[in-house]
file target_38.cif (mmCIF, C-alpha atoms and all ligand atoms)
data_work
loop_
_atom_site.label_atom_id
_atom_site.label_comp_id
_atom_site.auth_asym_id
_atom_site.auth_seq_id
_atom_site.Cartn_x
_atom_site.Cartn_y
_atom_site.Cartn_z
CA MET A 1 3.36 24.81 40.21
CA THR A 2 2.02 25.37 36.71
CA GLN A 3 -1.77 25.64 36.61
CA ARG A 4 -3.40 27.17 33.58
CA GLN A 5 -6.78 28.85 34.03
CA ARG A 6 -8.15 27.46 30.78
CA LEU A 7 -7.32 24.37 28.76
CA LEU A 8 -4.45 24.77 26.32
CA PRO A 9 -5.67 22.54 23.46
CA TYR A 10 -3.33 20.14 21.60
CA GLY A 11 -4.46 21.58 18.26
CA ARG A 12 -6.50 24.51 17.03
CA HIS A 13 -7.37 26.29 13.79
CA SER A 14 -6.35 29.86 12.96
CA ILE A 15 -8.85 32.01 11.04
CA SER A 16 -7.78 35.43 9.72
CA VAL A 17 -9.88 38.37 8.52
CA GLN A 18 -8.86 37.41 4.96
CA ASP A 19 -10.23 33.89 5.57
CA LEU A 20 -13.52 35.41 6.75
CA ALA A 21 -13.71 37.74 3.74
CA ALA A 22 -13.11 34.84 1.33
CA VAL A 23 -16.01 32.90 2.84
CA ILE A 24 -18.37 35.90 2.80
CA ASP A 25 -17.46 36.56 -0.83
CA VAL A 26 -18.45 33.10 -1.97
CA LEU A 27 -21.64 33.14 0.11
CA GLN A 28 -22.72 36.16 -1.95
CA SER A 29 -21.90 34.45 -5.27
CA SER A 30 -24.05 32.15 -7.45
CA TRP A 31 -22.17 28.97 -6.60
CA LEU A 32 -22.23 27.53 -3.10
CA THR A 33 -21.17 24.10 -4.36
CA THR A 34 -19.86 22.49 -7.61
CA GLY A 35 -18.74 25.98 -8.65
CA PRO A 36 -15.49 27.59 -9.75
CA LYS A 37 -13.87 27.69 -6.28
CA VAL A 38 -13.55 23.90 -6.29
CA THR A 39 -11.33 23.88 -9.39
CA GLU A 40 -9.45 26.92 -8.15
CA PHE A 41 -8.66 25.23 -4.82
CA GLU A 42 -7.72 21.97 -6.55
CA ASN A 43 -5.32 23.72 -8.92
CA ALA A 44 -3.69 25.78 -6.19
CA PHE A 45 -3.34 22.69 -3.98
CA ALA A 46 -1.82 20.59 -6.77
CA ALA A 47 0.72 23.34 -7.43
CA ALA A 48 1.54 23.63 -3.71
CA VAL A 49 2.32 19.91 -3.36
CA GLY A 50 4.00 19.52 -6.76
CA ALA A 51 1.41 17.15 -8.22
CA LYS A 52 -0.35 17.27 -11.61
CA HIS A 53 -3.84 16.78 -10.18
CA ALA A 54 -5.72 17.31 -6.93
CA VAL A 55 -9.28 16.19 -6.19
CA ALA A 56 -11.23 17.91 -3.41
CA VAL A 57 -13.51 15.77 -1.24
CA SER A 58 -15.57 16.18 1.93
CA SER A 59 -13.01 14.77 4.42
CA GLY A 60 -9.68 13.02 4.79
CA THR A 61 -11.65 9.82 5.28
CA ALA A 62 -13.45 10.35 1.95
CA ALA A 63 -10.02 11.00 0.37
CA LEU A 64 -8.77 7.61 1.57
CA HIS A 65 -11.97 5.91 0.39
CA ALA A 66 -11.72 7.55 -3.05
CA ALA A 67 -8.05 6.48 -3.30
CA VAL A 68 -8.60 2.78 -2.59
CA HIS A 69 -11.69 2.80 -4.80
CA ALA A 70 -9.74 4.34 -7.69
CA LEU A 71 -7.24 1.48 -7.39
CA ASP A 72 -10.11 -1.06 -7.55
CA VAL A 73 -9.34 -2.57 -4.18
CA GLY A 74 -11.97 -5.29 -3.69
CA PRO A 75 -12.88 -8.35 -1.61
CA GLU A 76 -9.98 -10.44 -2.95
CA ASP A 77 -7.39 -7.85 -2.08
CA GLU A 78 -5.05 -7.11 0.80
CA VAL A 79 -3.67 -3.67 1.57
CA ILE A 80 -0.71 -3.19 3.92
CA VAL A 81 -1.36 -0.47 6.50
CA SER A 82 0.55 1.18 9.33
CA PRO A 83 -1.12 0.37 12.66
CA LEU A 84 -0.12 3.60 14.41
CA SER A 85 -2.71 5.85 12.83
CA PHE A 86 -6.26 7.07 12.95
CA ALA A 87 -8.67 4.21 12.23
CA ALA A 88 -9.68 5.79 8.89
CA SER A 89 -6.27 4.75 7.43
CA ALA A 90 -7.42 1.12 7.56
CA ASN A 91 -11.21 1.56 7.48
CA CYS A 92 -11.00 2.66 3.84
CA VAL A 93 -9.84 -0.85 2.89
CA LEU A 94 -12.83 -2.37 4.71
CA TYR A 95 -15.23 0.03 2.90
CA GLN A 96 -14.14 -1.68 -0.31
CA GLY A 97 -14.47 -5.17 1.15
CA GLY A 98 -10.68 -5.66 1.18
CA THR A 99 -8.45 -6.83 4.03
CA PRO A 100 -6.10 -4.45 5.85
CA VAL A 101 -2.83 -6.17 6.79
CA PHE A 102 -0.90 -4.44 9.57
CA ALA A 103 2.89 -4.13 9.31
CA ASP A 104 4.90 -2.77 12.23
CA VAL A 105 6.47 0.68 12.60
CA ASN A 106 10.09 1.69 13.09
CA PRO A 107 10.59 2.14 16.87
CA HIS A 108 12.48 5.45 16.49
CA THR A 109 10.32 7.34 13.99
CA LEU A 110 7.04 5.38 14.42
CA LEU A 111 6.72 5.34 10.62
CA LEU A 112 5.72 2.21 8.71
CA ASP A 113 8.89 0.06 8.58
CA PRO A 114 9.57 -0.76 4.90
CA ALA A 115 11.16 -4.13 5.78
CA CYS A 116 8.09 -5.12 7.84
CA ALA A 117 5.81 -4.01 5.00
CA GLN A 118 7.79 -6.06 2.48
CA LYS A 119 7.43 -9.21 4.61
CA LYS A 120 3.63 -8.87 4.51
CA ILE A 121 3.37 -8.82 0.70
CA THR A 122 1.46 -11.76 -0.80
CA SER A 123 -0.02 -12.49 -4.24
CA ARG A 124 -3.18 -10.71 -3.04
CA THR A 125 -1.51 -7.44 -2.00
CA LYS A 126 -2.80 -4.50 -4.02
CA ALA A 127 -1.29 -1.50 -2.25
CA ILE A 128 0.61 -0.12 0.72
CA ILE A 129 -0.86 2.73 2.77
CA THR A 130 1.92 4.53 4.60
CA VAL A 131 1.27 7.28 7.16
CA ASP A 132 3.47 10.38 7.50
CA TYR A 133 3.09 10.10 11.26
CA ALA A 134 3.05 13.40 13.17
CA GLY A 135 4.22 15.22 10.00
CA HIS A 136 7.44 13.23 9.46
CA PRO A 137 7.64 11.99 5.86
CA SER A 138 7.55 8.21 5.37
CA ASP A 139 10.56 6.31 4.00
CA TYR A 140 9.48 6.95 0.43
CA GLU A 141 12.62 5.77 -1.33
CA GLU A 142 12.46 2.31 0.26
CA LEU A 143 8.68 2.05 -0.03
CA ARG A 144 8.74 3.05 -3.70
CA LEU A 145 11.29 0.33 -4.48
CA ILE A 146 9.23 -2.30 -2.67
CA ALA A 147 6.00 -1.20 -4.36
CA ASN A 148 7.58 -1.16 -7.82
CA GLN A 149 9.16 -4.56 -7.31
CA ALA A 150 5.82 -6.07 -6.25
CA LYS A 151 3.90 -4.06 -8.90
CA ILE A 152 1.56 -2.61 -6.30
CA ALA A 153 0.44 0.95 -5.61
CA LEU A 154 1.76 3.26 -2.92
CA ILE A 155 -0.83 5.37 -1.10
CA ALA A 156 0.30 8.01 1.39
CA ASP A 157 -2.01 8.98 4.19
CA SER A 158 -0.44 12.44 4.43
CA CYS A 159 -3.16 13.93 6.64
CA HIS A 160 -0.39 14.90 9.12
CA ALA A 161 2.19 16.14 6.67
CA LEU A 162 0.98 18.97 4.44
CA GLY A 163 3.94 21.31 3.98
CA ALA A 164 6.59 18.67 4.75
CA THR A 165 9.30 17.62 2.28
CA TYR A 166 11.31 14.44 1.64
CA GLN A 167 14.71 14.81 -0.05
CA GLY A 168 13.51 18.24 -1.14
CA HIS A 169 10.26 16.97 -2.71
CA PRO A 170 6.95 18.12 -1.24
CA ILE A 171 4.70 15.58 0.46
CA GLY A 172 1.87 14.99 -1.99
CA SER A 173 4.23 14.37 -4.92
CA LEU A 174 5.86 11.10 -3.77
CA ALA A 175 3.18 8.39 -3.64
CA ASP A 176 0.81 7.28 -6.43
CA LEU A 177 -2.00 8.83 -4.42
CA SER A 178 -1.59 11.11 -1.39
CA THR A 179 -4.48 11.98 0.90
CA PHE A 180 -4.97 15.07 3.07
CA SER A 181 -7.48 16.26 5.68
CA PHE A 182 -8.69 19.79 6.41
CA HIS A 183 -10.12 19.05 9.85
CA PRO A 184 -9.55 22.05 12.19
CA VAL A 185 -6.53 20.50 13.96
CA LYS A 186 -4.68 19.88 10.66
CA HIS A 187 -2.32 22.30 8.90
CA ILE A 188 -5.06 24.12 7.00
CA THR A 189 -8.81 23.82 7.56
CA THR A 190 -12.10 23.96 5.69
CA GLY A 191 -14.11 22.84 8.74
CA GLU A 192 -14.36 19.35 7.30
CA GLY A 193 -12.61 18.56 4.05
CA GLY A 194 -10.01 16.52 2.23
CA MET A 195 -7.92 16.23 -0.93
CA ILE A 196 -6.14 13.58 -2.96
CA SER A 197 -3.09 14.52 -5.04
CA THR A 198 -1.77 12.41 -7.90
CA ASP A 199 0.11 12.63 -11.20
CA ASN A 200 -2.27 10.10 -12.77
CA ALA A 201 -5.04 11.81 -14.80
CA GLU A 202 -7.12 8.64 -15.09
CA LEU A 203 -7.18 8.08 -11.31
CA ALA A 204 -8.01 11.77 -10.75
CA ASN A 205 -10.93 11.53 -13.15
CA ARG A 206 -12.25 8.38 -11.45
CA MET A 207 -12.10 10.07 -8.05
CA ARG A 208 -14.02 13.11 -9.37
CA ILE A 209 -16.76 10.77 -10.60
CA PHE A 210 -16.70 8.80 -7.33
CA ARG A 211 -17.20 11.94 -5.20
CA ASN A 212 -20.27 12.83 -7.27
CA HIS A 213 -22.41 9.65 -6.91
CA GLY A 214 -20.56 7.96 -9.78
CA ILE A 215 -22.04 10.50 -12.22
CA ALA A 216 -19.74 11.38 -15.10
CA THR A 217 -20.50 15.14 -15.27
CA ASP A 218 -21.25 17.64 -12.51
CA HIS A 219 -23.96 20.28 -12.32
CA ARG A 220 -21.78 23.13 -13.61
CA GLU A 221 -20.50 21.12 -16.59
CA ARG A 222 -24.10 20.38 -17.61
CA GLU A 223 -25.07 24.04 -17.27
CA GLN A 224 -22.13 25.00 -19.47
CA LYS A 225 -23.04 22.39 -22.08
CA GLY A 226 -26.73 23.36 -21.96
CA THR A 227 -27.94 19.85 -21.25
CA PHE A 228 -29.99 18.12 -18.53
CA TYR A 229 -28.63 14.69 -19.46
CA TYR A 230 -26.28 12.82 -17.20
CA GLU A 231 -25.21 9.23 -16.70
CA MET A 232 -24.23 7.38 -13.58
CA VAL A 233 -21.39 5.09 -14.63
CA GLU A 234 -20.47 3.52 -11.32
CA LEU A 235 -21.54 3.52 -7.68
CA GLY A 236 -20.22 6.59 -5.89
CA PHE A 237 -21.08 8.85 -2.98
CA ASN A 238 -21.74 12.49 -2.30
CA TYR A 239 -18.21 13.30 -1.13
CA ARG A 240 -18.14 16.82 -2.62
CA LEU A 241 -16.45 19.79 -0.96
CA SER A 242 -18.56 22.96 -1.23
CA ASP A 243 -17.40 26.25 -2.75
CA VAL A 244 -17.76 27.84 0.69
CA GLN A 245 -15.23 25.35 2.04
CA CYS A 246 -12.96 25.61 -1.00
CA ALA A 247 -12.85 29.41 -0.65
CA LEU A 248 -11.73 28.99 2.95
CA GLY A 249 -9.23 26.33 1.86
CA LEU A 250 -7.76 28.62 -0.81
CA SER A 251 -7.31 31.42 1.68
CA GLN A 252 -5.80 29.03 4.26
CA LEU A 253 -3.43 27.57 1.67
CA ARG A 254 -1.88 31.03 1.22
CA ARG A 255 -1.00 30.90 4.93
CA LEU A 256 0.46 27.36 4.85
CA ALA A 257 4.13 28.38 4.73
CA GLU A 258 3.62 30.72 7.70
CA PHE A 259 1.76 27.98 9.65
CA VAL A 260 4.52 25.42 9.02
CA GLU A 261 7.26 27.89 9.99
CA LYS A 262 5.49 28.58 13.27
CA ARG A 263 5.08 24.87 14.02
CA LYS A 264 8.78 24.30 13.35
CA MET A 265 9.71 27.18 15.64
CA LEU A 266 7.56 25.71 18.45
CA ALA A 267 9.09 22.25 17.87
CA ALA A 268 12.60 23.73 18.16
CA LEU A 269 11.63 25.28 21.52
CA TYR A 270 10.32 21.92 22.76
CA ASP A 271 13.47 20.10 21.53
CA GLN A 272 15.70 22.59 23.28
CA ALA A 273 13.82 22.27 26.57
CA PHE A 274 13.56 18.46 26.53
CA ALA A 275 17.28 18.05 25.97
CA GLN A 276 17.49 18.90 29.71
CA ILE A 277 14.74 16.49 30.89
CA ASP A 278 16.02 12.92 31.06
CA PHE A 279 12.69 11.03 31.10
CA VAL A 280 11.40 12.74 27.93
CA ARG A 281 12.40 11.52 24.46
CA PRO A 282 11.19 13.33 21.35
CA LEU A 283 10.87 11.06 18.29
CA SER A 284 13.85 10.98 15.97
CA VAL A 285 13.80 13.12 12.83
CA LYS A 286 15.74 12.01 9.76
CA LYS A 287 18.25 14.32 8.10
CA ASN A 288 16.78 14.16 4.59
CA VAL A 289 13.34 15.51 5.55
CA SER A 290 11.60 18.67 6.58
CA HIS A 291 9.03 17.77 9.26
CA SER A 292 5.80 19.80 9.30
CA TYR A 293 4.81 18.96 12.91
CA HIS A 294 1.10 18.32 12.80
CA LEU A 295 1.85 16.73 16.17
CA PHE A 296 4.72 17.06 18.60
CA VAL A 297 5.00 13.56 20.05
CA ILE A 298 7.23 12.64 22.97
CA ARG A 299 7.94 9.26 24.52
CA ILE A 300 7.94 9.09 28.30
CA ASP A 301 10.54 6.83 29.87
CA THR A 302 7.96 5.50 32.31
CA GLU A 303 10.46 3.41 34.31
CA GLN A 304 12.81 6.30 34.83
CA LEU A 305 9.95 8.62 35.78
CA GLY A 306 8.16 6.03 37.93
CA LYS A 307 4.79 7.00 36.44
CA SER A 308 2.74 5.44 33.67
CA ARG A 309 1.78 7.36 30.55
CA ASP A 310 -1.85 7.31 31.69
CA GLU A 311 -0.85 8.90 35.02
CA VAL A 312 1.16 11.53 33.17
CA TYR A 313 -1.85 12.24 30.95
CA ARG A 314 -4.13 12.71 33.97
CA ILE A 315 -1.68 14.98 35.83
CA LEU A 316 -1.13 17.24 32.81
CA ARG A 317 -4.84 17.42 32.00
CA ALA A 318 -5.55 18.43 35.61
CA LYS A 319 -3.19 21.36 35.00
CA ASN A 320 -5.16 22.24 31.85
CA ILE A 321 -2.35 21.17 29.53
CA GLY A 322 -4.28 19.60 26.64
CA VAL A 323 -2.15 16.55 25.93
CA ASN A 324 -3.46 13.69 23.82
CA VAL A 325 -2.50 10.20 22.64
CA HIS A 326 -2.09 9.35 18.93
CA TYR A 327 -2.99 6.48 18.69
CA LEU A 328 -4.33 3.24 20.09
CA PRO A 329 -2.92 0.92 17.36
CA ILE A 330 -5.72 0.26 14.88
CA HIS A 331 -5.56 -3.53 15.19
CA LEU A 332 -6.28 -3.27 18.93
CA HIS A 333 -9.66 -1.54 18.51
CA PRO A 334 -12.38 -4.01 19.55
CA TYR A 335 -13.95 -3.88 16.08
CA TYR A 336 -10.69 -4.93 14.42
CA GLN A 337 -9.97 -7.62 17.00
CA LYS A 338 -13.38 -9.12 16.26
CA LYS A 339 -13.31 -8.60 12.51
CA LEU A 340 -9.76 -9.69 11.71
CA SER A 341 -8.92 -11.66 14.88
CA THR A 342 -5.97 -9.31 15.32
CA ARG A 343 -4.21 -9.55 18.68
CA SER A 344 -1.53 -7.65 20.51
CA VAL A 345 2.03 -8.82 19.70
CA LEU A 346 1.12 -8.47 16.01
CA CYS A 347 3.03 -5.16 15.88
CA PRO A 348 5.23 -5.02 19.00
CA ASN A 349 6.91 -1.68 18.17
CA ALA A 350 3.57 0.11 17.71
CA GLU A 351 2.15 -1.53 20.82
CA LYS A 352 5.13 -0.60 23.00
CA ALA A 353 5.09 2.97 21.66
CA TYR A 354 1.41 3.26 22.51
CA THR A 355 2.19 2.86 26.25
CA GLU A 356 4.74 5.72 26.16
CA ILE A 357 3.60 8.35 23.64
CA LEU A 358 2.03 11.69 24.39
CA SER A 359 1.11 14.46 21.93
CA LEU A 360 1.82 17.93 23.28
CA PRO A 361 -0.02 21.14 22.34
CA MET A 362 1.09 22.33 18.88
CA PHE A 363 -0.78 24.88 16.77
CA PRO A 364 0.13 28.10 14.94
CA GLU A 365 -1.37 30.56 17.43
CA MET A 366 0.45 28.96 20.36
CA THR A 367 2.85 31.34 22.15
CA THR A 368 6.35 30.90 23.57
CA GLN A 369 4.74 31.33 27.01
CA ASP A 370 2.38 28.40 26.23
CA VAL A 371 5.38 26.21 25.37
CA GLY A 372 6.99 27.31 28.65
CA ASP A 373 3.89 26.20 30.59
CA VAL A 374 3.89 22.77 28.93
CA VAL A 375 7.60 22.24 29.57
CA GLU A 376 7.31 23.38 33.19
CA ALA A 377 4.32 21.11 33.85
CA ILE A 378 6.30 18.17 32.42
CA ALA A 379 9.43 19.01 34.42
CA GLU A 380 7.26 19.04 37.58
CA LEU A 381 6.23 15.42 36.94
CA LYS A 382 9.48 14.29 38.58
CA ASN A 383 8.58 15.91 41.95
C1 LIG B 401 -7.32 13.41 10.31
C2 LIG B 401 -6.87 12.11 9.76
C3 LIG B 401 -7.66 11.32 8.92
C4 LIG B 401 -9.11 11.60 8.64
O1 LIG B 401 -9.39 12.86 8.22
P1 LIG B 401 -10.87 13.44 8.42
O2 LIG B 401 -10.83 14.71 7.63
O3 LIG B 401 -11.08 13.67 9.88
O4 LIG B 401 -11.84 12.45 7.87
C5 LIG B 401 -7.10 10.18 8.37
N1 LIG B 401 -5.85 9.80 8.65
C6 LIG B 401 -5.07 10.50 9.49
C7 LIG B 401 -3.68 10.04 9.75
C8 LIG B 401 -5.55 11.67 10.08
O5 LIG B 401 -4.79 12.35 10.93
#
call {"tool": "encode", "arguments": {"input": "target_38.cif", "output": "structure tokens"}}
result
Amino acid sequence: MTQRQRLLPYGRHSISVQDLAAVIDVLQSSWLTTGPKVTEFENAFAAAVGAKHAVAVSSGTAALHAAVHALDVGPEDEVIVSPLSFAASANCVLYQGGTPVFADVNPHTLLLDPACAQKKITSRTKAIITVDYAGHPSDYEELRLIANQAKIALIADSCHALGATYQGHPIGSLADLSTFSFHPVKHITTGEGGMISTDNAELANRMRIFRNHGIATDHREREQKGTFYYEMVELGFNYRLSDVQCALGLSQLRRLAEFVEKRKMLAALYDQAFAQIDFVRPLSVKKNVSHSYHLFVIRIDTEQLGKSRDEVYRILRAKNIGVNVHYLPIHLHPYYQKKLSTRSVLCPNAEKAYTEILSLPMFPEMTTQDVGDVVEAIAELKN
């Protein structure tokens, strides 16, 4: 029987000696925040995702907030959101006083279903927020058509999908605004951190003001201009990302291709092994994409196995296999049920998936032996 001595986590950062050196370097410089590393990281990130602009912020959540704010989402507005995501994907609409409207996911990919999204469009709809679930790119071609037809914006919550491509185009270059997170379990980390990529200079400028209290110039710009004077032009927040974090982000970004390659290699090992296990179904992957595997999600055929997903979770955890569940559909959180009177049966595909999904360990420093342990522990479930 497989029994690991210590917990194999589902996700974990990788920090190299170069990453450490980059952080030490900036700590010894004059700028710990609002300095040159911020612009350097933004420019390198924009280039990496094929966008004209990138705006660094303090988290993926702040990135989503800045995006809906830049689009002027307000109390009269509805925004269509995928329910199978982290709560922040919908919370950002509530921050602006708007109403998130949940549209169901495709049962095979668990991505926002474009046809379901289209059905939810009303005269009040301002945008669609799609989620590149697990690192699989959304159905951008269909979503773009729907958004253009309705004259609404397309936001991508791409916190799972840095390094992925859709029809050869990098994630981050396909929506009007794409948001990323640098939390330690994501593809690259800055501890906490986030980014928004866009081709729209006006939106980028608004988000830079928004992350700095709504003040039109930052500290370094004033120093350069030799003036103390600044104006607050709208209500913003302190959502800045420090130079210390941006230096780490820059160094991590250089390792992105290597990280994604490793994740793909691990996914191929899982796919190979699960082809032999009849009660395990990996999610389907479309032919026109390159998946970047933030998560490796399987569906358990609970009837065939004779065990519920929750039982499977408990058994694997007891063996120190750090499985996880992504996610309880957002509309089923008590807060949302109270706030929006959302109920189950609103998004049956997402709700059914929730009872069967399990995220397996997946991170760049994971070994072939680790994958073997996970597969063996899962195979033993049938005994
Ligand atoms: C991680 C994540 C976020 C939030 O990012 P933070 O940096 O933790 O604020 C939002 N949406 C999705 C899909 C995520 O995975």
call {"tool": "residues_around", "arguments": {"input": "target_38.cif", "residues": "Thr179 in chain A", "least_positions_apart": "3", "cutoff": "7 Å", "atoms": "all atoms listed in the file", "output": "list in words"}}
result
Gly60, Ala63, Leu64, Ala156, Asp157, Ser158, Cys159, Met195, Ile196 and Ser197 of chain A
call {"tool": "closest_atom_pairs", "arguments": {"input": "target_38.cif", "of": "chain A", "to": "ligand LIG 401 (chain B)", "cutoff": "10 Å", "atoms": "all atoms listed in the file", "output": "JSON lines"}}
result
{"residue": "A:Val57", "atom": "CA", "partner": "B:LIG401", "partner_atom": "O2", "distance": 9.3}
{"residue": "A:Ser58", "atom": "CA", "partner": "B:LIG401", "partner_atom": "O2", "distance": 7.6}
{"residue": "A:Ser59", "atom": "CA", "partner": "B:LIG401", "partner_atom": "O2", "distance": 3.9}
{"residue": "A:Gly60", "atom": "CA", "partner": "B:LIG401", "partner_atom": "O1", "distance": 3.4}
{"residue": "A:Thr61", "atom": "CA", "partner": "B:LIG401", "partner_atom": "O4", "distance": 3.7}
{"residue": "A:Ala62", "atom": "CA", "partner": "B:LIG401", "partner_atom": "O4", "distance": 6.5}
{"residue": "A:Ala63", "atom": "CA", "partner": "B:LIG401", "partner_atom": "O4", "distance": 7.9}
{"residue": "A:Leu64", "atom": "CA", "partner": "B:LIG401", "partner_atom": "C5", "distance": 7.5}
{"residue": "A:His65", "atom": "CA", "partner": "B:LIG401", "partner_atom": "O4", "distance": 9.9}
{"residue": "A:Ser82", "atom": "CA", "partner": "B:LIG401", "partner_atom": "C7", "distance": 9.8}
{"residue": "A:Leu84", "atom": "CA", "partner": "B:LIG401", "partner_atom": "C7", "distance": 8.7}
{"residue": "A:Ser85", "atom": "CA", "partner": "B:LIG401", "partner_atom": "C7", "distance": 5.3}
{"residue": "A:Phe86", "atom": "CA", "partner": "B:LIG401", "partner_atom": "C6", "distance": 5.0}
{"residue": "A:Ala87", "atom": "CA", "partner": "B:LIG401", "partner_atom": "N1", "distance": 7.2}
{"residue": "A:Ala88", "atom": "CA", "partner": "B:LIG401", "partner_atom": "C5", "distance": 5.1}
{"residue": "A:Ser89", "atom": "CA", "partner": "B:LIG401", "partner_atom": "N1", "distance": 5.2}
{"residue": "A:Ala90", "atom": "CA", "partner": "B:LIG401", "partner_atom": "N1", "distance": 8.9}
{"residue": "A:Asn91", "atom": "CA", "partner": "B:LIG401", "partner_atom": "C5", "distance": 9.6}
{"residue": "A:Cys92", "atom": "CA", "partner": "B:LIG401", "partner_atom": "C5", "distance": 9.6}
{"residue": "A:Thr130", "atom": "CA", "partner": "B:LIG401", "partner_atom": "C7", "distance": 9.4}
{"residue": "A:Val131", "atom": "CA", "partner": "B:LIG401", "partner_atom": "C7", "distance": 6.2}
{"residue": "A:Asp132", "atom": "CA", "partner": "B:LIG401", "partner_atom": "C7", "distance": 7.5}
{"residue": "A:Tyr133", "atom": "CA", "partner": "B:LIG401", "partner_atom": "C7", "distance": 6.9}
{"residue": "A:Ala134", "atom": "CA", "partner": "B:LIG401", "partner_atom": "O5", "distance": 8.2}
{"residue": "A:Gly135", "atom": "CA", "partner": "B:LIG401", "partner_atom": "C7", "distance": 9.5}
{"residue": "A:Ala156", "atom": "CA", "partner": "B:LIG401", "partner_atom": "C7", "distance": 9.5}
{"residue": "A:Asp157", "atom": "CA", "partner": "B:LIG401", "partner_atom": "C7", "distance": 5.9}
{"residue": "A:Ser158", "atom": "CA", "partner": "B:LIG401", "partner_atom": "C7", "distance": 6.7}
{"residue": "A:Cys159", "atom": "CA", "partner": "B:LIG401", "partner_atom": "C8", "distance": 4.8}
{"residue": "A:His160", "atom": "CA", "partner": "B:LIG401", "partner_atom": "O5", "distance": 5.4}
{"residue": "A:Ala161", "atom": "CA", "partner": "B:LIG401", "partner_atom": "C7", "distance": 9.0}
{"residue": "A:Thr179", "atom": "CA", "partner": "B:LIG401", "partner_atom": "C5", "distance": 8.1}
{"residue": "A:Phe180", "atom": "CA", "partner": "B:LIG401", "partner_atom": "O1", "distance": 7.1}
{"residue": "A:Ser181", "atom": "CA", "partner": "B:LIG401", "partner_atom": "O2", "distance": 4.2}
{"residue": "A:Phe182", "atom": "CA", "partner": "B:LIG401", "partner_atom": "O2", "distance": 5.6}
{"residue": "A:His183", "atom": "CA", "partner": "B:LIG401", "partner_atom": "O2", "distance": 4.9}
{"residue": "A:Pro184", "atom": "CA", "partner": "B:LIG401", "partner_atom": "O2", "distance": 8.7}
{"residue": "A:Val185", "atom": "CA", "partner": "B:LIG401", "partner_atom": "C1", "distance": 8.0}
{"residue": "A:Lys186", "atom": "CA", "partner": "B:LIG401", "partner_atom": "C1", "distance": 7.0}
{"residue": "A:Thr189", "atom": "CA", "partner": "B:LIG401", "partner_atom": "O2", "distance": 9.3}
{"residue": "A:Thr190", "atom": "CA", "partner": "B:LIG401", "partner_atom": "O2", "distance": 9.5}
{"residue": "A:Gly191", "atom": "CA", "partner": "B:LIG401", "partner_atom": "O2", "distance": 8.8}
{"residue": "A:Glu192", "atom": "CA", "partner": "B:LIG401", "partner_atom": "O2", "distance": 5.8}
{"residue": "A:Gly193", "atom": "CA", "partner": "B:LIG401", "partner_atom": "O2", "distance": 5.6}
{"residue": "A:Gly194", "atom": "CA", "partner": "B:LIG401", "partner_atom": "O2", "distance": 5.8}
{"residue": "A:Met195", "atom": "CA", "partner": "B:LIG401", "partner_atom": "O2", "distance": 9.2}
{"residue": "A:His294", "atom": "CA", "partner": "B:LIG401", "partner_atom": "O5", "distance": 8.6}
{"residue": "A:Leu295", "atom": "CA", "partner": "B:LIG401", "partner_atom": "O5", "distance": 9.5}
{"residue": "A:His326", "atom": "CA", "partner": "B:LIG401", "partner_atom": "O5", "distance": 9.0}
{"residue": "A:Tyr327", "atom": "CA", "partner": "B:LIG401", "partner_atom": "C7", "distance": 9.6}
call {"tool": "atom_distance", "arguments": {"input": "target_38.cif", "atom1": "CA of Arg263 in chain A", "atom2": "CA of Tyr293 in chain A"}}
result
6.0 Å
call {"tool": "residues_around", "arguments": {"input": "target_38.cif", "residues": "Thr355 in chain A", "least_positions_apart": "5", "cutoff": "10 Å", "atoms": "all atoms listed in the file", "output": "PyMOL selection string"}}
result
chain A and resi 299-302+308-310+325+327-328+350
call {"tool": "residues_around", "arguments": {"input": "target_38.cif", "residues": "Asn324 in chain A", "least_positions_apart": "6", "cutoff": "12 Å", "atoms": "all atoms listed in the file", "output": "NGL selection string"}}
result
:A and (8-11 or 295-298 or 309-310 or 312-314 or 316-317 or 354 or 356-362)
call {"tool": "atom_distance", "arguments": {"input": "target_38.cif", "atom1": "CA of Ser14 in chain A", "atom2": "CA of Asn238 in chain A"}}
result
27.8 Å
